[in-house]
Amino acid sequence: MPPADSFAGKRRVVTDLKIVAKTDKGKVRESNQDAYAVGELPGEVAWAVVCDGMGGHAGGDFASKLAVKVISEKITSCYNSKMRDSSIKNLLDSAITAANIEVYDMADSHSELYGMGTTVVCAIVRRDCVFIAHAGDSRAYIATNDSIRQITTDHSVVQDLISRGQITESEAEHHPNKNLITRAVGIDKAIEIDFAEADLSDDETLILCTDGLSNYVSKDEMIDDIKDGQYYAFADRLVKRANNNGGGDNITVVAIAY
């Protein structure tokens with residue numbers, strides 16, 4: 001089954017899984033440089049990829065869409081239901097690595113696209129287990145009706161400062177270098193990718209998002225928007241909340257639940 005197109009308000013249901021997604025340019029940006037896709041794999045398995053482009057209007061938009069296309073095609077063409085967990089990790093690694101090569105080579109050969117890149121967070125959900133790969137500051141969370149935990153760790157200047165104990169998380173919220181990332185698809189010939197695995201129970205929701213959500217919506221606000229269990233409203237509510245809180249960036253949300 002082909003991936004869902006990347007546009008505002010798009011929703012898709014996958015067998016017994018529930019998937020909702022929405023992207024919006026926000027209230028400040030002139031264009032939307034985010035991109036996403038979701039889909040279904042054999043055996044009631046779901047996948048999703050979310051990217052946040054950078055490098056000017058043309059470059060950022062092109063980088064995110066190209067990365068989503070390459071990663072989506074790699075996942076859908078190479079996944080099989082007999083894969084071991086380690087093979088899923090290798091699949092995500094090869095998908096992002098392929099996207100990195102494509103974006104880097106395109107930027108290298110077209111001067112108007114020089115310097116473009118994109119963050120990425122992608123996931124495969126299989127048998128109540130989530131496999132996540134990411135680079136940059138787009139995030140993955142797992143939430144219940146009263147708690148939320150971040151699964152990914154940002155690759156950013158501010159996160160490095162937090163990790164070294166030089167600033168607190170509250171200080172990071174208003175740091176002048178808040179938007180500077182240290183890894184991205186397409187910036188260098190090689191890319192370092194981080195991985196995570198987590199259980200996903202019946203009362204939990206996986207949320208993938210760009211920083212247009214995480215920078216404008218607090219964890220408490222996220223919980224408030226999903227605590228009633230109305231899964232198909234989650235993406236709409238979270239995007240609306242980010243816009244109500246300023247909407248200073250493009251916003252993309254994918255939510256997956258049983």
# chains A, B, ... in the order shown; residues from 1 in each chain; ligands from 1

call {"tool": "select_by_dssp", "arguments": {"residues": "region 195-228 of chain A", "states": "helix (DSSP H, G or I)", "output": "PyMOL selection string"}}
result
chain A and resi 211-214+219-226

call {"tool": "residues_around", "arguments": {"residues": "region 133-149 of chain A", "least_positions_apart": "3", "cutoff": "6 Å", "atoms": "only C-alpha atoms", "output": "PyMOL selection string"}}
result
chain A and resi 119-122+152+154-155+181+183-184+193-195+204-211+227

call {"tool": "write_last_selection", "arguments": {"atoms": "C-alpha atoms", "output": "short mmCIF file (atom, residue, chain, number, x, y, z; two decimals), in the first residue's frame"}}
result
data_model
loop_
_atom_site.label_atom_id
_atom_site.label_comp_id
_atom_site.auth_asym_id
_atom_site.auth_seq_id
_atom_site.Cartn_x
_atom_site.Cartn_y
_atom_site.Cartn_z
CA THR A 119 15.85 16.45 10.39
CA VAL A 120 14.26 13.01 10.47
CA VAL A 121 12.45 10.79 12.92
CA CYS A 122 10.99 7.52 11.69
CA THR A 152 14.53 10.48 21.38
CA ASP A 154 17.73 16.00 20.39
CA HIS A 155 20.87 16.43 18.35
CA ILE A 181 21.00 21.33 15.37
CA ARG A 183 22.95 16.43 12.92
CA ALA A 184 20.77 16.40 9.84
CA ILE A 193 21.89 7.91 13.36
CA ASP A 194 20.51 7.20 16.83
CA PHE A 195 18.15 4.33 17.57
CA GLU A 204 -0.17 4.33 25.05
CA THR A 205 0.24 6.54 22.00
CA LEU A 206 3.37 7.06 19.94
CA ILE A 207 3.79 10.67 18.84
CA LEU A 208 6.29 11.78 16.19
CA CYS A 209 6.64 15.52 15.65
CA THR A 210 8.76 18.39 14.42
CA ASP A 211 9.98 21.17 16.70
CA LYS A 227 -6.10 12.31 27.78
#

call {"tool": "atom_distance", "arguments": {"atom1": "CA of Ala98 (chain A)", "atom2": "CA of Gly26 (chain A)"}}
result
29.7 Å

call {"tool": "atom_distance", "arguments": {"atom1": "CA of Gly248 (chain A)", "atom2": "CA of Gly53 (chain A)"}}
result
15.1 Å

call {"tool": "closest_residue", "arguments": {"among": "A:Ile223, A:Cys78, A:Leu113, A:Ile256", "to": "Arg126 (chain A)", "atoms": "only C-alpha atoms"}}
result
A:Ile256

call {"tool": "residues_around", "arguments": {"residues": "Ser31 (chain A)", "least_positions_apart": "6", "cutoff": "12 Å", "atoms": "only C-alpha atoms", "output": "PDB file with N, CA, C and O atoms, in the first residue's frame"}}
result
ATOM      1  N   THR A  23      -0.099  18.162   9.124  1.00  0.00           N
ATOM      2  CA  THR A  23       0.982  19.126   8.988  1.00  0.00           C
ATOM      3  C   THR A  23       0.390  20.486   8.661  1.00  0.00           C
ATOM      4  O   THR A  23      -0.651  20.579   7.990  1.00  0.00           O
ATOM      5  N   ASP A  24       1.034  21.539   9.154  1.00  0.00           N
ATOM      6  CA  ASP A  24       0.504  22.901   9.008  1.00  0.00           C
ATOM      7  C   ASP A  24       1.689  23.859   8.977  1.00  0.00           C
ATOM      8  O   ASP A  24       2.686  23.654   9.675  1.00  0.00           O
ATOM      9  N   LYS A  25       1.592  24.922   8.196  1.00  0.00           N
ATOM     10  CA  LYS A  25       2.728  25.845   8.090  1.00  0.00           C
ATOM     11  C   LYS A  25       2.860  26.767   9.289  1.00  0.00           C
ATOM     12  O   LYS A  25       3.876  27.449   9.441  1.00  0.00           O
ATOM     13  N   GLY A  53      12.592  20.300   7.040  1.00  0.00           N
ATOM     14  CA  GLY A  53      13.640  20.780   6.147  1.00  0.00           C
ATOM     15  C   GLY A  53      14.259  22.089   6.574  1.00  0.00           C
ATOM     16  O   GLY A  53      13.668  22.883   7.310  1.00  0.00           O
ATOM     17  N   MET A  54      15.490  22.317   6.093  1.00  0.00           N
ATOM     18  CA  MET A  54      16.201  23.566   6.365  1.00  0.00           C
ATOM     19  C   MET A  54      17.065  23.892   5.161  1.00  0.00           C
ATOM     20  O   MET A  54      17.358  23.034   4.332  1.00  0.00           O
ATOM     21  N   GLY A  56      16.748  27.371   3.517  1.00  0.00           N
ATOM     22  CA  GLY A  56      16.019  28.287   2.652  1.00  0.00           C
ATOM     23  C   GLY A  56      14.734  27.660   2.150  1.00  0.00           C
ATOM     24  O   GLY A  56      14.519  26.456   2.265  1.00  0.00           O
ATOM     25  N   HIS A  57      13.886  28.479   1.566  1.00  0.00           N
ATOM     26  CA  HIS A  57      12.569  28.018   1.135  1.00  0.00           C
ATOM     27  C   HIS A  57      12.664  26.834   0.181  1.00  0.00           C
ATOM     28  O   HIS A  57      12.104  25.762   0.421  1.00  0.00           O
ATOM     29  N   ALA A  58      13.407  27.002  -0.909  1.00  0.00           N
ATOM     30  CA  ALA A  58      13.490  25.935  -1.912  1.00  0.00           C
ATOM     31  C   ALA A  58      14.213  24.715  -1.363  1.00  0.00           C
ATOM     32  O   ALA A  58      13.764  23.576  -1.509  1.00  0.00           O
ATOM     33  N   GLY A  59      15.356  24.956  -0.722  1.00  0.00           N
ATOM     34  CA  GLY A  59      16.163  23.851  -0.230  1.00  0.00           C
ATOM     35  C   GLY A  59      15.490  23.043   0.862  1.00  0.00           C
ATOM     36  O   GLY A  59      15.476  21.814   0.820  1.00  0.00           O
ATOM     37  N   GLY A  60      14.924  23.700   1.856  1.00  0.00           N
ATOM     38  CA  GLY A  60      14.294  22.997   2.966  1.00  0.00           C
ATOM     39  C   GLY A  60      13.108  22.170   2.528  1.00  0.00           C
ATOM     40  O   GLY A  60      12.939  21.023   2.950  1.00  0.00           O
ATOM     41  N   ASP A  61      12.293  22.729   1.664  1.00  0.00           N
ATOM     42  CA  ASP A  61      11.127  22.018   1.164  1.00  0.00           C
ATOM     43  C   ASP A  61      11.555  20.802   0.347  1.00  0.00           C
ATOM     44  O   ASP A  61      11.006  19.706   0.501  1.00  0.00           O
ATOM     45  N   PHE A  62      12.555  20.989  -0.499  1.00  0.00           N
ATOM     46  CA  PHE A  62      13.027  19.894  -1.344  1.00  0.00           C
ATOM     47  C   PHE A  62      13.665  18.799  -0.507  1.00  0.00           C
ATOM     48  O   PHE A  62      13.424  17.601  -0.733  1.00  0.00           O
ATOM     49  N   GLY A 248       4.890  29.647  15.668  1.00  0.00           N
ATOM     50  CA  GLY A 248       6.068  30.276  15.090  1.00  0.00           C
ATOM     51  C   GLY A 248       6.867  29.429  14.130  1.00  0.00           C
ATOM     52  O   GLY A 248       7.883  29.888  13.600  1.00  0.00           O
ATOM     53  N   ASP A 249       6.447  28.210  13.871  1.00  0.00           N
ATOM     54  CA  ASP A 249       7.172  27.328  12.970  1.00  0.00           C
ATOM     55  C   ASP A 249       6.184  26.376  12.307  1.00  0.00           C
ATOM     56  O   ASP A 249       5.024  26.290  12.716  1.00  0.00           O
ATOM     57  N   ASN A 250       6.648  25.675  11.284  1.00  0.00           N
ATOM     58  CA  ASN A 250       5.840  24.611  10.696  1.00  0.00           C
ATOM     59  C   ASN A 250       5.610  23.539  11.751  1.00  0.00           C
ATOM     60  O   ASN A 250       6.467  23.284  12.587  1.00  0.00           O
ATOM     61  N   ILE A 251       4.449  22.894  11.694  1.00  0.00           N
ATOM     62  CA  ILE A 251       4.067  21.920  12.701  1.00  0.00           C
ATOM     63  C   ILE A 251       3.641  20.632  12.013  1.00  0.00           C
ATOM     64  O   ILE A 251       2.780  20.649  11.130  1.00  0.00           O
TER      65      ILE A 251
END
